[in-house]
>>> print(open('structure.cif').read())   # mmCIF, C-alpha atoms and all ligand atoms
data_entry
#
loop_
_atom_site.label_atom_id
_atom_site.label_comp_id
_atom_site.auth_asym_id
_atom_site.auth_seq_id
_atom_site.Cartn_x
_atom_site.Cartn_y
_atom_site.Cartn_z
CA MET A 1 70.58 74.19 57.03
CA VAL A 2 73.37 73.09 54.70
CA SER A 3 76.82 73.06 56.24
CA SER A 4 79.80 70.77 56.48
CA THR A 5 80.61 69.20 59.83
CA ASP A 6 83.98 70.97 59.69
CA LYS A 7 82.28 74.35 59.46
CA ILE A 8 80.14 73.59 62.50
CA PHE A 9 83.15 72.42 64.53
CA ASN A 10 85.13 75.47 63.48
CA TRP A 11 82.34 77.86 64.38
CA ALA A 12 82.06 76.10 67.76
CA ARG A 13 85.82 76.45 68.37
CA LYS A 14 85.80 80.17 67.62
CA SER A 15 82.73 80.72 69.76
CA SER A 16 83.74 78.71 72.82
CA ILE A 17 87.28 79.66 73.73
CA TRP A 18 88.09 78.40 77.22
CA PRO A 19 91.02 80.15 78.89
CA VAL A 20 93.07 78.35 81.52
CA THR A 21 93.17 80.56 84.61
CA PHE A 22 96.78 81.45 85.33
CA GLY A 23 97.52 84.93 86.67
CA LEU A 24 101.06 85.98 87.54
CA ALA A 25 100.93 89.52 88.94
CA CYS A 26 98.89 92.74 89.02
CA CYS A 27 97.61 92.31 85.43
CA ALA A 28 95.81 89.22 86.71
CA ILE A 29 93.53 91.47 88.79
CA GLU A 30 92.31 93.07 85.55
CA MET A 31 91.92 89.61 84.01
CA MET A 32 89.79 88.52 86.99
CA ALA A 33 87.70 91.68 86.60
CA THR A 34 87.18 90.78 82.93
CA PHE A 35 85.82 87.40 84.00
CA ALA A 36 83.47 89.00 86.54
CA SER A 37 79.82 89.76 85.90
CA ARG A 38 80.25 93.39 84.84
CA PHE A 39 82.00 92.45 81.60
CA ASP A 40 80.23 89.13 81.00
CA VAL A 41 82.67 87.28 78.74
CA GLU A 42 80.27 84.32 78.84
CA ARG A 43 78.46 86.01 75.95
CA PHE A 44 81.50 85.06 73.85
CA GLY A 45 81.08 81.45 74.98
CA MET A 46 84.10 81.79 77.28
CA VAL A 47 84.43 79.80 80.48
CA PRO A 48 87.53 80.39 82.64
CA TRP A 49 88.80 76.90 83.42
CA ALA A 50 91.15 75.55 86.06
CA SER A 51 92.56 72.64 84.05
CA PRO A 52 94.88 73.09 81.06
CA ARG A 53 93.67 69.76 79.67
CA HIS A 54 90.28 71.26 78.80
CA ALA A 55 91.49 74.73 77.81
CA ASP A 56 92.50 76.13 74.43
CA LEU A 57 93.68 79.60 75.47
CA MET A 58 96.37 80.72 77.88
CA ILE A 59 96.22 84.36 78.95
CA VAL A 60 99.62 85.25 80.38
CA SER A 61 98.80 88.17 82.63
CA GLY A 62 101.62 89.55 84.71
CA THR A 63 105.36 89.40 85.19
CA VAL A 64 106.94 86.16 84.01
CA THR A 65 109.95 85.41 86.18
CA ILE A 66 112.69 83.05 85.10
CA LYS A 67 111.75 80.83 88.04
CA MET A 68 108.11 80.61 86.89
CA ALA A 69 108.81 80.14 83.16
CA PRO A 70 109.24 76.31 83.24
CA MET A 71 105.88 75.90 85.05
CA LEU A 72 104.18 78.21 82.53
CA LYS A 73 105.62 76.17 79.65
CA ARG A 74 104.53 72.91 81.26
CA ILE A 75 100.94 74.17 81.61
CA TYR A 76 100.97 75.32 77.96
CA GLU A 77 102.23 71.91 76.84
CA GLN A 78 99.41 70.18 78.72
CA MET A 79 96.80 72.06 76.65
CA PRO A 80 95.42 70.15 73.64
CA ASP A 81 95.92 71.46 70.09
CA PRO A 82 94.86 73.78 68.53
CA LYS A 83 95.80 76.16 71.34
CA TRP A 84 96.28 79.90 71.60
CA CYS A 85 98.06 82.43 73.76
CA ILE A 86 97.33 86.05 74.64
CA SER A 87 100.13 88.03 76.23
CA MET A 88 98.44 90.56 78.49
CA GLY A 89 100.33 93.65 79.65
CA SER A 90 103.78 95.16 79.35
CA CYS A 91 105.42 92.65 81.69
CA ALA A 92 104.28 89.61 79.72
CA ASN A 93 104.95 91.39 76.40
CA SER A 94 108.48 92.55 77.11
CA GLY A 95 109.36 92.46 80.80
CA GLY A 96 107.67 95.85 81.32
CA PRO A 97 108.96 98.00 84.17
CA PHE A 98 111.07 95.05 85.38
CA ARG A 99 112.71 94.47 82.02
CA HIS A 100 116.17 95.19 83.38
CA GLY A 101 115.76 92.87 86.34
CA TYR A 102 117.99 89.81 86.30
CA HIS A 103 115.02 87.61 87.22
CA VAL A 104 112.47 88.61 84.57
CA VAL A 105 111.76 87.00 81.18
CA LYS A 106 111.96 89.75 78.54
CA GLY A 107 108.77 88.69 76.79
CA VAL A 108 106.77 85.49 77.20
CA ASP A 109 107.22 84.74 73.49
CA ARG A 110 110.65 83.45 74.55
CA VAL A 111 108.84 80.68 76.42
CA VAL A 112 105.62 79.94 74.47
CA PRO A 113 104.28 81.21 71.10
CA VAL A 114 102.05 84.27 71.40
CA ASP A 115 99.10 85.02 69.09
CA VAL A 116 97.89 88.38 70.39
CA TYR A 117 99.70 91.03 72.43
CA VAL A 118 97.60 93.35 74.57
CA PRO A 119 99.58 96.47 75.58
CA GLY A 120 99.21 98.38 78.84
CA CYS A 121 100.31 98.48 82.46
CA PRO A 122 97.85 97.13 83.32
CA PRO A 123 95.52 96.74 80.32
CA THR A 124 91.89 97.40 81.21
CA PRO A 125 89.26 94.66 80.91
CA GLU A 126 88.08 96.42 77.73
CA SER A 127 91.58 96.04 76.25
CA LEU A 128 91.66 92.35 77.08
CA MET A 129 88.21 91.89 75.57
CA PHE A 130 89.41 93.60 72.40
CA GLY A 131 92.34 91.17 72.39
CA ILE A 132 89.92 88.25 72.75
CA LEU A 133 87.92 89.51 69.76
CA LYS A 134 91.15 89.77 67.76
CA LEU A 135 91.99 86.22 68.79
CA GLN A 136 88.59 85.03 67.57
CA GLU A 137 89.45 86.54 64.16
CA LYS A 138 92.73 84.62 64.19
CA VAL A 139 90.97 81.38 65.12
CA ALA A 140 88.52 81.90 62.25
CA GLU A 141 91.40 82.59 59.84
CA PHE A 142 93.26 79.49 61.03
CA GLN A 143 90.16 77.43 60.39
CA LYS A 144 89.89 78.75 56.84
CA THR A 145 93.55 78.58 55.82
CA GLY A 146 95.08 76.05 58.22
CA LYS A 147 97.79 78.64 58.96
CA ARG A 148 98.30 80.86 61.96
CA SER A 149 98.60 84.53 61.11
CA ALA A 150 101.72 86.23 62.43
CA PRO A 151 101.49 87.56 65.94
CA GLY A 152 101.56 91.30 66.29
CA LEU A 153 101.17 94.16 68.65
CA LEU A 154 97.49 94.78 69.20
CA THR A 155 96.55 98.21 67.89
CA PRO A 156 93.10 99.80 67.75
CA ASP A 157 91.21 99.39 64.49
CA PRO A 158 91.53 102.56 62.38
CA ALA A 159 87.78 102.41 61.58
S1 LIG B 201 102.33 95.24 83.21
FE1 LIG B 201 102.09 96.61 84.96
S2 LIG B 201 100.15 95.96 85.91
FE2 LIG B 201 100.83 94.27 84.56
S3 LIG B 201 102.01 92.89 85.86
FE3 LIG B 201 103.45 94.34 84.93
S4 LIG B 201 103.65 95.99 86.45
FE4 LIG B 201 101.80 94.84 86.96
#
>>> encode(input="structure.cif", output="structure tokens")
Amino acid sequence: MVSSTDKIFNWARKSSIWPVTFGLACCAIEMMATFASRFDVERFGMVPWASPRHADLMIVSGTVTIKMAPMLKRIYEQMPDPKWCISMGSCANSGGPFRHGYHVVKGVDRVVPVDVYVPGCPPTPESLMFGILKLQEKVAEFQKTGKRSAPGLLTPDPA
């Protein structure tokens, strides 16, 4: 096999994304279901992890309150680079049904940078898994170009 060490490391990064476990509200129930045996995310090399210091993905699942935002940011900052963030569900994306509440952050991208948005209230495990596959594409692109592609609303592939 002929391959550069970089290529091997990059393939390993894309294929072993470890998300720090950090659920905030009802969307977290769907995230936990995604990590359960029925959906088997281990086949993507994923291991839900309790420490941010060993994780490279934060899945923000649920309502981000203004009170919780500093803790969320602190956990994100404790993750080593390169690190990634999936915003899961309407609340994390934009404040969702609580958008007009005085206590809710109107989108977690105001606190940490987001790479993939997964819409829904709540998104199903299948939606989150689709978001994870999209994130893998972004990780692969970052490894090739050294640049992060712009975040965007996750939409189904037209194909
Ligand atoms: S998006 Fe819906 S399901 Fe998810 S945390 Fe908000 S209210 Fe709950």
>>> residues_near_ligand(input="structure.cif", ligand="ligand LIG 201 (chain B)", cutoff="8 Å", atoms="only C-alpha atoms and all ligand atoms", output="ChimeraX atom specification")
/A:24-28,61-63,88-92,95-98,120-123
>>> write_last_selection(input="structure.cif", atoms="C-alpha atoms", output="CSV table (one decimal), in the frame of the given file")
chain,number,residue,atom,x,y,z
A,24,LEU,CA,101.1,86.0,87.5
A,25,ALA,CA,100.9,89.5,88.9
A,26,CYS,CA,98.9,92.7,89.0
A,27,CYS,CA,97.6,92.3,85.4
A,28,ALA,CA,95.8,89.2,86.7
A,61,SER,CA,98.8,88.2,82.6
A,62,GLY,CA,101.6,89.6,84.7
A,63,THR,CA,105.4,89.4,85.2
A,88,MET,CA,98.4,90.6,78.5
A,89,GLY,CA,100.3,93.6,79.6
A,90,SER,CA,103.8,95.2,79.4
A,91,CYS,CA,105.4,92.6,81.7
A,92,ALA,CA,104.3,89.6,79.7
A,95,GLY,CA,109.4,92.5,80.8
A,96,GLY,CA,107.7,95.8,81.3
A,97,PRO,CA,109.0,98.0,84.2
A,98,PHE,CA,111.1,95.0,85.4
A,120,GLY,CA,99.2,98.4,78.8
A,121,CYS,CA,100.3,98.5,82.5
A,122,PRO,CA,97.8,97.1,83.3
A,123,PRO,CA,95.5,96.7,80.3
>>> closest_residue(input="structure.cif", among="A:Leu133, A:Ile66, A:Ile17, A:Val47", to="Val118 (chain A)", atoms="all atoms listed in the file")
A:Leu133
>>> residues_around(input="structure.cif", residues="Ala55 (chain A)", least_positions_apart="3", cutoff="6 Å", atoms="all atoms listed in the file", output="list in words")
Trp18, Pro19, Val20 and Pro52 of chain A
>>> residues_around(input="structure.cif", residues="Phe142 (chain A)", least_positions_apart="2", cutoff="12 Å", atoms="all atoms listed in the file", output="compact mmCIF listing (two decimals) with C-alpha atoms, in the frame of the given file")
# COMPACT_ATOMS: atom_id res chain seq x y z
CA ASN A 10 85.13 75.47 63.48
CA TRP A 11 82.34 77.86 64.38
CA ARG A 13 85.82 76.45 68.37
CA LYS A 14 85.80 80.17 67.62
CA PRO A 82 94.86 73.78 68.53
CA LYS A 83 95.80 76.16 71.34
CA TRP A 84 96.28 79.90 71.60
CA ASP A 115 99.10 85.02 69.09
CA LEU A 135 91.99 86.22 68.79
CA GLN A 136 88.59 85.03 67.57
CA GLU A 137 89.45 86.54 64.16
CA LYS A 138 92.73 84.62 64.19
CA VAL A 139 90.97 81.38 65.12
CA ALA A 140 88.52 81.90 62.25
CA LYS A 144 89.89 78.75 56.84
CA THR A 145 93.55 78.58 55.82
CA GLY A 146 95.08 76.05 58.22
CA LYS A 147 97.79 78.64 58.96
CA ARG A 148 98.30 80.86 61.96
CA SER A 149 98.60 84.53 61.11
CA ALA A 150 101.72 86.23 62.43
>>> closest_residue(input="structure.cif", among="A:Met79, A:Met71, A:Val114, A:Ile29", to="His54 (chain A)", atoms="all atoms listed in the file")
A:Met79
>>> atom_distance(input="structure.cif", atom1="CA of Val104 (chain A)", atom2="CA of Gly23 (chain A)")
15.5 Å
>>> atom_distance(input="structure.cif", atom1="CA of Pro125 (chain A)", atom2="CA of Asp40 (chain A)")
10.6 Å
>>> atom_distance(input="structure.cif", atom1="CA of Glu30 (chain A)", atom2="CA of Thr124 (chain A)")
6.1 Å
>>> decode(input="structure.cif", residues="region 107-118 of chain A", atoms="N, CA and C atoms", output="PDB file, in the first residue's frame")
ATOM      1  N   GLY A 107     -30.085  30.719  18.426  1.00  0.00           N
ATOM      2  CA  GLY A 107     -29.173  30.011  17.520  1.00  0.00           C
ATOM      3  C   GLY A 107     -27.818  29.834  18.195  1.00  0.00           C
ATOM      4  N   VAL A 108     -27.370  28.583  18.261  1.00  0.00           N
ATOM      5  CA  VAL A 108     -26.126  28.300  18.987  1.00  0.00           C
ATOM      6  C   VAL A 108     -24.905  28.830  18.235  1.00  0.00           C
ATOM      7  N   ASP A 109     -25.100  29.201  16.953  1.00  0.00           N
ATOM      8  CA  ASP A 109     -23.969  29.789  16.218  1.00  0.00           C
ATOM      9  C   ASP A 109     -23.579  31.144  16.788  1.00  0.00           C
ATOM     10  N   ARG A 110     -24.385  31.684  17.696  1.00  0.00           N
ATOM     11  CA  ARG A 110     -23.997  32.923  18.382  1.00  0.00           C
ATOM     12  C   ARG A 110     -23.026  32.639  19.516  1.00  0.00           C
ATOM     13  N   VAL A 111     -22.869  31.349  19.834  1.00  0.00           N
ATOM     14  CA  VAL A 111     -21.995  30.966  20.951  1.00  0.00           C
ATOM     15  C   VAL A 111     -20.757  30.226  20.450  1.00  0.00           C
ATOM     16  N   VAL A 112     -20.957  29.240  19.560  1.00  0.00           N
ATOM     17  CA  VAL A 112     -19.837  28.472  18.998  1.00  0.00           C
ATOM     18  C   VAL A 112     -20.078  28.319  17.482  1.00  0.00           C
ATOM     19  N   PRO A 113     -19.003  28.131  16.683  1.00  0.00           N
ATOM     20  CA  PRO A 113     -19.222  27.948  15.242  1.00  0.00           C
ATOM     21  C   PRO A 113     -19.883  26.615  14.937  1.00  0.00           C
ATOM     22  N   VAL A 114     -20.825  26.637  14.006  1.00  0.00           N
ATOM     23  CA  VAL A 114     -21.577  25.426  13.653  1.00  0.00           C
ATOM     24  C   VAL A 114     -21.169  24.969  12.249  1.00  0.00           C
ATOM     25  N   ASP A 115     -20.996  23.668  12.064  1.00  0.00           N
ATOM     26  CA  ASP A 115     -20.629  23.125  10.747  1.00  0.00           C
ATOM     27  C   ASP A 115     -21.819  22.544  10.011  1.00  0.00           C
ATOM     28  N   VAL A 116     -22.721  21.889  10.732  1.00  0.00           N
ATOM     29  CA  VAL A 116     -23.892  21.285  10.081  1.00  0.00           C
ATOM     30  C   VAL A 116     -25.130  21.579  10.931  1.00  0.00           C
ATOM     31  N   TYR A 117     -26.181  22.023  10.265  1.00  0.00           N
ATOM     32  CA  TYR A 117     -27.469  22.228  10.941  1.00  0.00           C
ATOM     33  C   TYR A 117     -28.401  21.085  10.573  1.00  0.00           C
ATOM     34  N   VAL A 118     -29.002  20.473  11.556  1.00  0.00           N
ATOM     35  CA  VAL A 118     -29.993  19.417  11.309  1.00  0.00           C
ATOM     36  C   VAL A 118     -31.357  19.973  11.719  1.00  0.00           C
TER      37      VAL A 118
END
